[in-house]
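J.: One structure, pasted below without further comment.
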Amino acid sequence: MKTIAFYNLKGGVGKTSAAVNCAWLAAASGLRTLFWDLDPQGAGGWYLAPRESGNGALKKILRRKIPVGHLVVSTPYEKLDLIPSEFAYRDLDVAVKRHAEGDRTLATLISPFGEDYSLVVLDCPPSLSELAQQVFAATDAVLVPLIPSALSLRSYEQVQTFMKDRRLGHKQLYPFFSQVDRRRKLHRGLREDPPASLKRLLATEIPYAAIVERMGEQMQPLPAFAPNDPVTRQYRALWCEIAERVGIS
Ligand SMILES: Nc1ncnc2c1ncn2[C@@H]1O[C@H](COP(=O)(O)OP(=O)(O)OP(=O)(O)O)[C@@H](O)[C@H]1O
Ligand SMILES: [Mg+2]
């Protein structure tokens with residue numbers, strides 16, 4: 001089993017859209033996939049299977065009162081299951097710290113899923129916190145969508161520093177450009193000549209396109225309702241590149 005996270009310190013950059021679409025594409029390719037929505041906003045789970053979340057269950061799991069598998073629900077899609085967000089996740093930082101198995105509380109919760117799943121996809125809230133540290137310790141790869149701008153690059157460098165300071169090693173960070181508007185000179189420039197700090201930059205970029213926002217109206221992943229759209233092709237290319245770079249099969 002491999003575990004990957006979609007993460008950025010910055011909000012609104014396309015983490016959830018990419019996480020949901022890649023999880024759907026992984027499942028469609030035959031991998032048993034679990035999507036864990038770690039963001040209290042709950043957007044990722046809502047795209048996959050709109051339902052009320054079970055508030056408070058996570059605390060019982062951390063206290064070992066119920067097994068983590070009890071959080072899993074099915075989605076309408078074959079081979080794709082979900083752990084929906086809980087509003088209580090706004091306290092997740094505090095909760096994992098209190099029940100600390102060091103940095104590895106989240107990793108310990110994820111490991112039993114190896115029996116049933118080939119891939120776990122984590123959709124993370126935008127913050128640099130205890131939870132981020134847990135996510136970095138639990139994953140084989142952290143995918144970082146970046147809107148091409150100076151501010152985005154700065155926040156990416158802050159993430160690299162955070163990982164370095166905590167000796168998390170940043171070999172597992174894979175940035176990729178997101179919401180790219182090729183009409184904009186700055187976007188083209190950064191795309192064509194990316195700064196050296198963007199090590200392991202993925203070749204695939206996700207364009208800015210209104211159809212991505214329609215995932216909200218449709219309440220479905222993009223490839224499920226627009227399988228032949230050019231933007232779906234980009235998400236497919238992104239997923240294939242991630243699978244190849246991280247060795248997911
Ligand atoms: N490539 C894109 N083109 C156009 N709109 C996009 C694109 N990617 C995402 N969006 C839209 O931008 C908004 C934020 O996207 P998304 O929820 O994927 O980002 P996020 O990084 O997960 O945000 P948050 O930090 O709030 O969790 C959504 O309304 C989404 O539909
Ligand atoms: Mg999100």
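Identifiers for the structure tokens are assigned positionally: chains receive A, B, ... in sequence, residues are indexed from 1 per chain, and ligands are indexed from 1 in the order shown.
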I'd like the neighbourhood of range 128-143 of chain A as a PDB file with C-alpha atoms, in the first residue's frame, where a residue qualifies if any of its atoms comes within 8 Å (using only C-alpha atoms), though same-chain residues fewer than 2 positions away should be ignored.

T.:
```
ATOM      1  CA  LYS A   2       1.142   3.546  -0.773  1.00  0.00           C
ATOM      2  CA  THR A   3      -0.083   6.682   0.962  1.00  0.00           C
ATOM      3  CA  ILE A   4      -0.084  10.034  -0.790  1.00  0.00           C
ATOM      4  CA  ALA A   5      -1.298  13.452   0.358  1.00  0.00           C
ATOM      5  CA  PHE A   6      -2.396  16.559  -1.490  1.00  0.00           C
ATOM      6  CA  TYR A   7      -1.108  19.411   0.572  1.00  0.00           C
ATOM      7  CA  LEU A   9       0.103  25.701   3.135  1.00  0.00           C
ATOM      8  CA  LEU A  92      -7.317  17.361  14.969  1.00  0.00           C
ATOM      9  CA  ASP A  93      -4.020  19.046  15.695  1.00  0.00           C
ATOM     10  CA  VAL A  94      -4.707  19.035  19.406  1.00  0.00           C
ATOM     11  CA  VAL A  96      -3.263  13.866  17.600  1.00  0.00           C
ATOM     12  CA  LYS A  97      -0.828  15.651  19.840  1.00  0.00           C
ATOM     13  CA  ASP A 103       4.913  12.018  14.825  1.00  0.00           C
ATOM     14  CA  ARG A 104       3.383   8.726  13.856  1.00  0.00           C
ATOM     15  CA  THR A 105      -0.157   8.803  15.252  1.00  0.00           C
ATOM     16  CA  LEU A 106      -1.650   9.232  11.793  1.00  0.00           C
ATOM     17  CA  ALA A 107       0.751   6.708  10.253  1.00  0.00           C
ATOM     18  CA  ILE A 110      -3.362   4.291   8.402  1.00  0.00           C
ATOM     19  CA  CYS A 124      -5.296  18.071   3.778  1.00  0.00           C
ATOM     20  CA  PRO A 126      -4.171  24.411   4.305  1.00  0.00           C
ATOM     21  CA  PRO A 145      -0.389  22.107  -6.282  1.00  0.00           C
ATOM     22  CA  VAL A 159       6.985  24.172   3.664  1.00  0.00           C
ATOM     23  CA  PHE A 162       9.327  23.381   7.981  1.00  0.00           C
ATOM     24  CA  MET A 163      10.208  19.860   6.843  1.00  0.00           C
ATOM     25  CA  LEU A 168      11.315  15.158   7.895  1.00  0.00           C
ATOM     26  CA  GLN A 172       8.838  13.152  -0.817  1.00  0.00           C
ATOM     27  CA  LEU A 173       7.566  16.600  -1.959  1.00  0.00           C
ATOM     28  CA  TYR A 174       6.300  16.710  -5.563  1.00  0.00           C
ATOM     29  CA  PRO A 175       5.087  20.145  -6.665  1.00  0.00           C
ATOM     30  CA  PHE A 176       2.970  20.627  -9.783  1.00  0.00           C
ATOM     31  CA  VAL A 246       5.921   7.167  -6.605  1.00  0.00           C
TER      32      VAL A 246
END
```

J.: Report as a tab-separated table the residues of chain A within 10 Å of ligand 1, each with its shortest atom pair and distance in Å (one decimal), using only C-alpha atoms and all ligand atoms, ordered by chain and increasing residue number.

T.:
```
residue	atom	partner	partner_atom_place_in_ligand_line	distance
A:Phe6	CA	ligand 1	22 (O)	8.3
A:Tyr7	CA	ligand 1	21 (O)	7.6
A:Asn8	CA	ligand 1	21 (O)	7.0
A:Leu9	CA	ligand 1	25 (O)	7.9
A:Lys10	CA	ligand 1	25 (O)	6.2
A:Gly11	CA	ligand 1	25 (O)	3.0
A:Gly12	CA	ligand 1	23 (O)	3.3
A:Val13	CA	ligand 1	21 (O)	3.8
A:Gly14	CA	ligand 1	18 (O)	3.3
A:Lys15	CA	ligand 1	22 (O)	3.8
A:Thr16	CA	ligand 1	22 (O)	3.7
A:Ser17	CA	ligand 1	18 (O)	3.7
A:Ala18	CA	ligand 1	18 (O)	6.4
A:Ala19	CA	ligand 1	18 (O)	8.0
A:Val20	CA	ligand 1	18 (O)	8.6
A:Asn21	CA	ligand 1	18 (O)	9.8
A:Leu38	CA	ligand 1	27 (O)	9.8
A:Asp39	CA	ligand 1	27 (O)	6.9
A:Pro40	CA	ligand 1	27 (O)	9.2
A:Gln41	CA	ligand 1	27 (O)	7.3
A:Gly42	CA	ligand 1	27 (O)	8.6
A:Ala43	CA	ligand 1	17 (O)	6.8
A:Gly44	CA	ligand 1	17 (O)	7.8
A:Asp123	CA	ligand 1	22 (O)	7.5
A:Cys124	CA	ligand 1	27 (O)	7.0
A:Pro125	CA	ligand 1	27 (O)	5.3
A:Pro126	CA	ligand 1	25 (O)	4.9
A:Ser127	CA	ligand 1	25 (O)	8.6
A:Val144	CA	ligand 1	21 (O)	9.3
A:Pro145	CA	ligand 1	21 (O)	7.6
A:Leu146	CA	ligand 1	21 (O)	9.1
A:Ile147	CA	ligand 1	1 (N)	9.3
A:Phe177	CA	ligand 1	1 (N)	9.4
A:Ser178	CA	ligand 1	1 (N)	5.8
A:Gln179	CA	ligand 1	1 (N)	4.0
A:Val180	CA	ligand 1	1 (N)	7.0
A:Asp181	CA	ligand 1	3 (N)	8.9
A:Glu205	CA	ligand 1	1 (N)	9.1
A:Ile206	CA	ligand 1	1 (N)	5.5
A:Pro207	CA	ligand 1	1 (N)	5.1
A:Tyr208	CA	ligand 1	3 (N)	3.5
A:Ala209	CA	ligand 1	3 (N)	4.0
A:Ala210	CA	ligand 1	4 (C)	5.0
A:Ile211	CA	ligand 1	4 (C)	6.9
A:Val212	CA	ligand 1	6 (C)	5.2
A:Glu213	CA	ligand 1	31 (O)	3.3
A:Arg214	CA	ligand 1	31 (O)	6.8
A:Met215	CA	ligand 1	31 (O)	6.7
A:Gly216	CA	ligand 1	31 (O)	6.7
A:Glu217	CA	ligand 1	31 (O)	9.7
A:Val231	CA	ligand 1	1 (N)	8.0
A:Gln234	CA	ligand 1	1 (N)	9.8
A:Tyr235	CA	ligand 1	1 (N)	9.5
```

J.: Enter the distance from CA of Leu222 in chain A to CA of Ala23 in chain A, in Å, rounded to one decimal.

T.: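 That distance, rounded to one decimal, is 11.2 Å.
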
J.: Looking only at helix (DSSP H, G or I) from DSSP on the backbone, list the matching residues of range 197-237 of chain A as a PyMOL selection string.

T.: chain A and resi 210-218+222-225+230-237

J.: Using only C-alpha atoms and all ligand atoms, can you tell me which of A:Ser29, A:Ser118, A:Ser85, A:Ser74 comes closest to ligand 2?

T.: A:Ser85

J.: Could you list, as a list of chain:residue names, every residue within 10 Å of Arg236 in chain A, counting only C-alpha atoms and ignoring same-chain residues fewer than 2 positions away?

T.: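 Answer for this query is A:Asn21, A:Cys22, A:Trp24, A:Leu25, A:Ala26, A:Thr204, A:Pro223, A:Pro227, A:Pro230, A:Val231, A:Thr232, A:Arg233, A:Gln234, A:Leu238, A:Trp239, A:Cys240, A:Glu241, A:Ile242.
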
J.: I'd like the contact shell of Leu119 in chain A - 7 Å cut-off, only C-alpha atoms, skipping same-chain residues fewer than 5 positions apart - returned as a PyMOL selection string.

T.: chain A and resi 1-3+31-34

J.: Just how far from CA of Leu201 in chain A is CA of Lys79 in chain A, in Å to one decimal?

T.: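 Interatomic distance here is 29.2 Å.
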
J.: Just give me the gap between CA of Thr75 in chain A and CA of Glu115 in chain A in Å, one decimal is fine.

T.: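 Between CA of Thr75 in chain A and CA of Glu115 in chain A the gap is 19.1 Å.
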
J.: Between A:Asp81, A:Asp91, A:Asp229, A:Glu86, which one has atoms that come closest to Asp116 in chain A, using only C-alpha atoms?

T.: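 Selected residue with least distance to Asp116 in chain A: A:Asp81.
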
J.: A:Glu157, A:Glu244, A:Asp37, A:Glu192: which is nearest ligand 2, counting only C-alpha atoms and all ligand atoms?

T.: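 Under the stated criterion, the closest residue is A:Asp37.
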